[in-house]
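Novice: Here you go, this is my_file_17.cif (mmCIF, C-alpha atoms).
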```
data_protein
#
loop_
_atom_site.label_atom_id
_atom_site.label_comp_id
_atom_site.auth_asym_id
_atom_site.auth_seq_id
_atom_site.Cartn_x
_atom_site.Cartn_y
_atom_site.Cartn_z
CA MET A 1 16.75 6.90 -1.80
CA ARG A 2 14.37 8.39 -4.36
CA VAL A 3 10.60 8.07 -4.81
CA VAL A 4 8.98 9.53 -7.92
CA VAL A 5 5.25 9.59 -8.69
CA GLN A 6 4.56 11.04 -12.12
CA SER A 7 2.19 10.86 -15.07
CA GLY A 8 4.89 11.10 -17.74
CA ARG A 9 6.89 8.28 -19.24
CA PHE A 10 10.31 7.32 -17.94
CA ASP A 11 13.27 5.57 -19.55
CA ALA A 12 13.91 2.50 -17.38
CA GLY A 13 17.28 1.81 -19.01
CA ALA A 14 18.55 5.33 -18.47
CA GLU A 15 17.26 5.29 -14.89
CA VAL A 16 19.09 2.04 -14.09
CA SER A 17 22.30 3.36 -15.67
CA ALA A 18 22.20 6.57 -13.67
CA PHE A 19 21.19 4.71 -10.51
CA SER A 20 24.05 2.21 -10.89
CA ALA A 21 26.61 4.93 -11.62
CA ALA A 22 25.60 6.80 -8.47
CA ALA A 23 25.52 3.72 -6.20
CA ARG A 24 29.10 3.99 -5.02
CA GLY A 25 30.42 0.92 -3.24
CA ALA A 26 27.55 -1.33 -4.38
CA GLY A 27 28.28 -4.76 -5.79
CA ALA A 28 24.78 -5.51 -7.01
CA VAL A 29 21.95 -3.61 -8.62
CA VAL A 30 18.56 -5.27 -9.12
CA SER A 31 15.82 -3.60 -11.12
CA PHE A 32 12.26 -4.51 -11.99
CA THR A 33 10.04 -2.75 -14.53
CA GLY A 34 6.28 -3.38 -14.68
CA LEU A 35 4.56 -3.00 -18.06
CA VAL A 36 0.95 -2.64 -19.16
CA ARG A 37 -0.11 -6.01 -20.60
CA ASP A 38 -2.13 -5.87 -23.80
CA GLU A 39 -4.29 -8.81 -22.65
CA GLY A 40 -4.21 -10.38 -26.09
CA GLY A 41 -5.25 -7.16 -27.81
CA ARG A 42 -8.33 -6.63 -25.62
CA LEU A 43 -6.82 -3.77 -23.63
CA SER A 44 -6.70 -0.33 -25.20
CA ALA A 45 -5.48 1.59 -22.13
CA MET A 46 -4.83 1.42 -18.41
CA GLU A 47 -5.95 4.28 -16.18
CA ILE A 48 -4.16 4.56 -12.87
CA GLU A 49 -5.69 6.67 -10.13
CA HIS A 50 -3.76 7.52 -6.99
CA TYR A 51 -4.04 9.43 -3.73
CA PRO A 52 -1.68 12.43 -4.06
CA GLY A 53 0.21 12.96 -0.83
CA MET A 54 -0.48 9.55 0.66
CA THR A 55 1.13 7.81 -2.32
CA GLU A 56 4.49 9.48 -1.81
CA LYS A 57 4.33 8.99 1.98
CA ALA A 58 3.38 5.32 1.74
CA ILE A 59 6.12 4.49 -0.78
CA SER A 60 8.74 6.44 1.18
CA ALA A 61 7.80 4.46 4.30
CA MET A 62 8.26 1.20 2.34
CA VAL A 63 11.67 2.31 1.11
CA GLU A 64 12.71 3.26 4.65
CA GLU A 65 11.53 -0.11 5.93
CA ALA A 66 13.51 -1.90 3.19
CA ALA A 67 16.60 0.10 4.17
CA ARG A 68 16.12 -0.97 7.80
CA ARG A 69 15.88 -4.65 6.86
CA TRP A 70 18.69 -4.84 4.32
CA ALA A 71 21.99 -2.99 4.00
CA LEU A 72 21.06 -0.98 0.92
CA VAL A 73 23.39 1.45 -0.74
CA ASP A 74 20.43 3.05 -2.51
CA ALA A 75 16.86 2.44 -3.69
CA LEU A 76 14.65 3.98 -6.35
CA VAL A 77 10.91 3.71 -6.98
CA ILE A 78 9.19 5.34 -9.95
CA HIS A 79 5.43 4.84 -10.32
CA ARG A 80 3.19 6.44 -12.92
CA HIS A 81 -0.45 7.48 -12.78
CA GLY A 82 -2.88 8.62 -15.45
CA ARG A 83 -3.63 6.97 -18.78
CA LEU A 84 -1.10 4.45 -20.14
CA GLY A 85 -1.10 2.42 -23.32
CA PRO A 86 -0.28 -1.28 -23.73
CA GLY A 87 3.43 -1.97 -23.46
CA GLU A 88 4.18 1.24 -21.57
CA ALA A 89 6.19 1.03 -18.35
CA ILE A 90 3.96 1.54 -15.29
CA MET A 91 6.60 1.52 -12.62
CA MET A 92 10.10 0.47 -11.72
CA VAL A 93 12.07 -0.44 -8.64
CA ALA A 94 15.84 -0.48 -8.36
CA THR A 95 17.90 -1.49 -5.35
CA ALA A 96 21.65 -1.37 -4.83
CA ALA A 97 23.52 -3.37 -2.18
CA LEU A 98 26.91 -4.93 -1.51
CA HIS A 99 25.67 -8.36 -2.59
CA ARG A 100 22.86 -9.59 -4.80
CA GLY A 101 20.88 -11.37 -2.06
CA GLU A 102 20.04 -8.14 -0.30
CA ALA A 103 19.33 -6.31 -3.55
CA PHE A 104 16.93 -9.04 -4.76
CA ALA A 105 15.18 -9.37 -1.41
CA ALA A 106 14.69 -5.62 -1.03
CA ALA A 107 13.37 -5.31 -4.59
CA GLU A 108 10.86 -8.12 -4.03
CA PHE A 109 9.80 -6.64 -0.70
CA LEU A 110 9.19 -3.27 -2.35
CA MET A 111 7.25 -4.88 -5.22
CA ASP A 112 5.04 -6.85 -2.84
CA TYR A 113 4.24 -3.77 -0.79
CA LEU A 114 3.68 -1.54 -3.83
CA LYS A 115 1.09 -4.04 -5.10
CA SER A 116 -1.23 -3.80 -2.12
CA ARG A 117 -0.11 -0.98 0.19
CA ALA A 118 0.53 1.95 -2.15
CA PRO A 119 -2.69 3.86 -2.92
CA PHE A 120 -3.00 3.20 -6.64
CA TRP A 121 -6.06 1.82 -8.41
CA LYS A 122 -5.90 0.42 -11.92
CA LYS A 123 -8.75 0.55 -14.37
CA GLU A 124 -8.54 -1.45 -17.57
CA ILE A 125 -10.04 0.30 -20.55
CA GLY A 126 -10.91 -2.54 -22.91
CA VAL A 127 -12.37 -2.70 -26.36
CA ASP A 128 -15.62 -3.84 -24.73
CA GLY A 129 -15.82 -1.64 -21.66
CA ALA A 130 -13.89 -0.42 -18.64
CA GLU A 131 -13.32 -2.30 -15.42
CA TRP A 132 -11.50 -1.68 -12.15
CA VAL A 133 -8.80 -4.25 -11.54
CA ALA A 134 -9.65 -6.32 -8.46
CA ALA A 135 -7.01 -6.87 -5.81
CA ARG A 136 -5.78 -10.48 -5.78
CA ASP A 137 -5.64 -12.57 -2.62
CA ALA A 138 -2.23 -13.80 -3.76
CA ASP A 139 -0.90 -10.24 -3.59
CA GLU A 140 -2.16 -9.84 -0.03
CA ASP A 141 -0.75 -13.26 0.92
CA ALA A 142 2.62 -12.27 -0.54
CA LEU A 143 3.06 -9.75 2.30
CA LYS A 144 3.03 -12.51 4.91
CA ARG A 145 6.48 -13.73 3.95
CA TRP A 146 8.00 -10.48 5.12
CA MET B 1 -15.54 19.60 9.75
CA ILE B 2 -13.76 16.67 8.24
CA GLU B 3 -12.49 16.24 4.67
CA VAL B 4 -13.73 12.97 3.17
CA LEU B 5 -12.11 11.61 -0.01
CA TYR B 6 -13.27 8.80 -2.28
CA PHE B 7 -11.20 6.90 -4.81
CA ALA B 8 -11.73 4.46 -7.70
CA TRP B 9 -15.18 2.82 -7.77
CA VAL B 10 -16.10 4.34 -4.42
CA ARG B 11 -15.69 7.78 -6.05
CA GLU B 12 -17.69 6.66 -9.09
CA ARG B 13 -20.53 5.22 -7.02
CA ILE B 14 -20.84 8.28 -4.81
CA GLY B 15 -20.29 10.62 -7.73
CA LEU B 16 -17.73 12.97 -6.25
CA PRO B 17 -14.04 12.84 -5.32
CA ARG B 18 -14.22 14.69 -2.00
CA GLU B 19 -16.50 16.62 0.30
CA ARG B 20 -16.43 18.38 3.64
CA ILE B 21 -18.65 16.77 6.22
CA GLU B 22 -19.89 17.86 9.63
CA THR B 23 -19.96 14.72 11.72
CA GLY B 24 -20.49 13.77 15.32
CA ALA B 25 -19.26 10.23 14.74
CA ALA B 26 -16.66 8.93 17.19
CA THR B 27 -15.22 6.29 14.87
CA VAL B 28 -14.85 5.55 11.17
CA ALA B 29 -17.65 2.97 11.49
CA GLY B 30 -19.90 5.69 12.94
CA LEU B 31 -19.10 7.98 10.02
CA VAL B 32 -19.88 5.15 7.59
CA GLU B 33 -23.29 4.69 9.27
CA GLU B 34 -24.03 8.41 8.86
CA LEU B 35 -23.03 8.31 5.19
CA ARG B 36 -25.04 5.16 4.48
CA ALA B 37 -28.15 6.85 5.87
CA ARG B 38 -27.77 9.84 3.54
CA GLU B 39 -28.69 8.48 0.12
CA ASP B 40 -28.80 5.27 -1.87
CA ARG B 41 -25.54 6.00 -3.68
CA TYR B 42 -23.73 6.13 -0.32
CA ALA B 43 -25.49 2.98 0.88
CA ALA B 44 -24.37 1.27 -2.34
CA ALA B 45 -20.77 2.41 -1.96
CA PHE B 46 -20.59 1.30 1.67
CA ALA B 47 -22.65 -1.88 1.32
CA ASP B 48 -19.72 -4.23 1.96
CA LEU B 49 -17.00 -2.92 4.25
CA SER B 50 -14.83 -5.98 3.61
CA SER B 51 -14.28 -4.63 0.09
CA LEU B 52 -13.23 -1.20 1.38
CA ARG B 53 -10.15 0.27 2.99
CA VAL B 54 -9.84 3.48 4.96
CA ALA B 55 -7.01 5.92 5.57
CA LEU B 56 -6.96 8.56 8.31
CA ASP B 57 -4.75 11.55 7.56
CA GLN B 58 -3.13 9.47 4.80
CA GLU B 59 -2.31 6.44 6.99
CA LEU B 60 -4.14 3.12 6.62
CA ALA B 61 -6.49 2.52 9.54
CA ASP B 62 -9.27 0.21 10.74
CA PHE B 63 -12.99 0.92 10.67
CA ASP B 64 -13.11 0.96 14.49
CA ALA B 65 -10.42 3.68 14.65
CA PRO B 66 -11.39 6.90 16.49
CA LEU B 67 -11.95 10.09 14.47
CA ALA B 68 -10.84 12.50 17.20
CA GLY B 69 -8.33 14.98 15.75
CA VAL B 70 -8.54 13.49 12.28
CA ARG B 71 -8.70 16.03 9.41
CA GLU B 72 -8.86 13.77 6.37
CA VAL B 73 -10.62 10.43 5.88
CA ALA B 74 -10.28 8.50 2.64
CA PHE B 75 -12.34 5.51 1.50
CA PHE B 76 -11.19 3.27 -1.33
CA PRO B 77 -11.09 -0.31 -2.59
CA PRO B 78 -8.09 -2.56 -1.93
CA MET B 79 -5.09 -1.04 -3.68
CA THR B 80 -3.76 -2.34 -6.98
CA GLY B 81 -0.37 -0.75 -7.48
CA GLY B 82 2.82 -2.16 -8.93
#
```
Could you take the file, read its structure, and then write that structure out as structure tokens?

Specialist:
Amino acid sequence: MRVVVQSGRFDAGAEVSAFSAAARGAGAVVSFTGLVRDEGGRLSAMEIEHYPGMTEKAISAMVEEAARRWALVDALVIHRHGRLGPGEAIMMVATAALHRGEAFAAAEFLMDYLKSRAPFWKKEIGVDGAEWVAARDADEDALKRW
Amino acid sequence: MIEVLYFAWVRERIGLPRERIETGAATVAGLVEELRAREDRYAAAFADLSSLRVALDQELADFDAPLAGVREVAFFPPMTGG
């Protein structure tokens, strides 16, 4: 299990390849990569603030919880902070399990929790001003299914 | 002394990322009352607690949670990760 919080870019393809190669015995690898939307050209950058220390702890706790619920061979979370441009990868999740059902479920669980329980705050820097992204009720509701 | 951290628009409204505070408050809500009474910028930041979250020693907590033994309190808006 690996949790990485960094400001620099990452290569999602290379990460999935390395993750899959190391996941001995797994029959399924699921990965998700979140990108900065360009909002139809209105977004010039995304600034992501986080809470150093708590971020790593909170994500590690999510990964441990996922490993308790599903028989995971391995899991990986990479999440960036700082200033990102449109199209850049913000974060990725990868899960490895014997079968795809567990890998998909664990990846969705991690995504849902990362959305509203990992201490990150996004600010959209637009061509006509900057604005903090508001949390969505749908993201909070998504946690109820777990 | 307790370390108080602010993030995102809470940090912007108050105008600083962290400060050390001497408090006699028994709970988070008590600390919020003390902060609100300080200056307008604090009152503005803490105007609506339903739009705020709190962490005690880097664990999410409730506003009625006790402060005894706590070293670090953080106030922030609902998180928007992922």

Novice: Given only C-alpha atoms as the basis, pick out the residue of A:Ala142, A:Ala103, A:Arg68, A:Gly53 nearest to chain B.

Specialist: A:Gly53

Novice: Could you list the residues in chain B lying within 9 Å of chain A, using all atoms listed in the file, and format the result as a PyMOL selection string?

Specialist: chain B and resi 7-9+55+57-60+74+76-82

Novice: A:Ala105, A:Leu84, A:Val127, A:Ala71: which is nearest Trp146 of chain A, counting only C-alpha atoms?

Specialist: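 Closest to Trp146 of chain A, using only C-alpha atoms: A:Ala105.
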
Novice: If the box runs along x, y and z of the file and leaves 6 Å on each side of segment 6-19 of chain B, what are its centre and edge lengths in Å, one decimal, as JSON?

Specialist:
```
{"center_x": -16.0, "center_y": 9.7, "center_z": -4.4, "size_x": 21.6, "size_y": 25.8, "size_z": 21.4}
```

Novice: Would you pick out the contacts of Leu98 of chain A at 6 Å or less, using all atoms listed in the file, so that residues sharing its chain but fewer than 5 positions from it are not included, and give the list as a tab-separated table (two decimals) with C-alpha atoms, in the coordinates of the input?

Specialist:
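This is the output file around-v8.tsv:
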```tsv
chain	number	residue	atom	x	y	z
A	26	ALA	CA	27.55	-1.33	-4.38
A	27	GLY	CA	28.28	-4.76	-5.79
A	28	ALA	CA	24.78	-5.51	-7.01
```

Novice: Can you work out which one of B:Ala61, B:Val70, B:Ile14, B:Ala26 has the shortest atom-to-atom distance to Arg38 of chain B, counting all atoms listed in the file?

Specialist: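 Closest to Arg38 of chain B, using all atoms listed in the file: B:Ile14.
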
Novice: Provide the atom CA of Leu76 of chain A to atom CA of Arg145 of chain A distance in Å, to one decimal place.

Specialist: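 Value for the atom CA of Leu76 of chain A-atom CA of Arg145 of chain A distance: 22.1 Å.
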
Novice: Counting all atoms listed in the file, what is within 12 Å of Glu33 of chain B, bar same-chain residues fewer than 6 positions away, as a list in words?

Specialist: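 Skipping anything fewer than 6 positions along the chain leaves Thr23, Gly24, Ala25, Ala26, Thr27, Glu39, Tyr42, Ala43, Ala45, Phe46, Ala47, Leu49 and Phe63 of chain B.
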
Novice: Write the residues of the selection above to a file with C-alpha atoms, as a short mmCIF file (atom, residue, chain, number, x, y, z; two decimals), in the coordinates of the input.

Specialist:
```
data_model
loop_
_atom_site.label_atom_id
_atom_site.label_comp_id
_atom_site.auth_asym_id
_atom_site.auth_seq_id
_atom_site.Cartn_x
_atom_site.Cartn_y
_atom_site.Cartn_z
CA THR B 23 -19.96 14.72 11.72
CA GLY B 24 -20.49 13.77 15.32
CA ALA B 25 -19.26 10.23 14.74
CA ALA B 26 -16.66 8.93 17.19
CA THR B 27 -15.22 6.29 14.87
CA GLU B 39 -28.69 8.48 0.12
CA TYR B 42 -23.73 6.13 -0.32
CA ALA B 43 -25.49 2.98 0.88
CA ALA B 45 -20.77 2.41 -1.96
CA PHE B 46 -20.59 1.30 1.67
CA ALA B 47 -22.65 -1.88 1.32
CA LEU B 49 -17.00 -2.92 4.25
CA PHE B 63 -12.99 0.92 10.67
#
```

Novice: Show me, as a PyMOL selection string, the residues that have an atom within 9 Å of Val30 of chain A when counting only C-alpha atoms, minus same-chain residues fewer than 3 positions from it.

Specialist: chain A and resi 16+93-97+100+103-104+106-107

Novice: Please produce a file of those selected residues containing C-alpha atoms, as a compact mmCIF listing (two decimals), keeping the file's coordinate frame.

Specialist:
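And here's selection-v3.txt as it stands now:
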```txt
# COMPACT_ATOMS: atom_id res chain seq x y z
CA VAL A 16 19.09 2.04 -14.09
CA VAL A 93 12.07 -0.44 -8.64
CA ALA A 94 15.84 -0.48 -8.36
CA THR A 95 17.90 -1.49 -5.35
CA ALA A 96 21.65 -1.37 -4.83
CA ALA A 97 23.52 -3.37 -2.18
CA ARG A 100 22.86 -9.59 -4.80
CA ALA A 103 19.33 -6.31 -3.55
CA PHE A 104 16.93 -9.04 -4.76
CA ALA A 106 14.69 -5.62 -1.03
CA ALA A 107 13.37 -5.31 -4.59
```
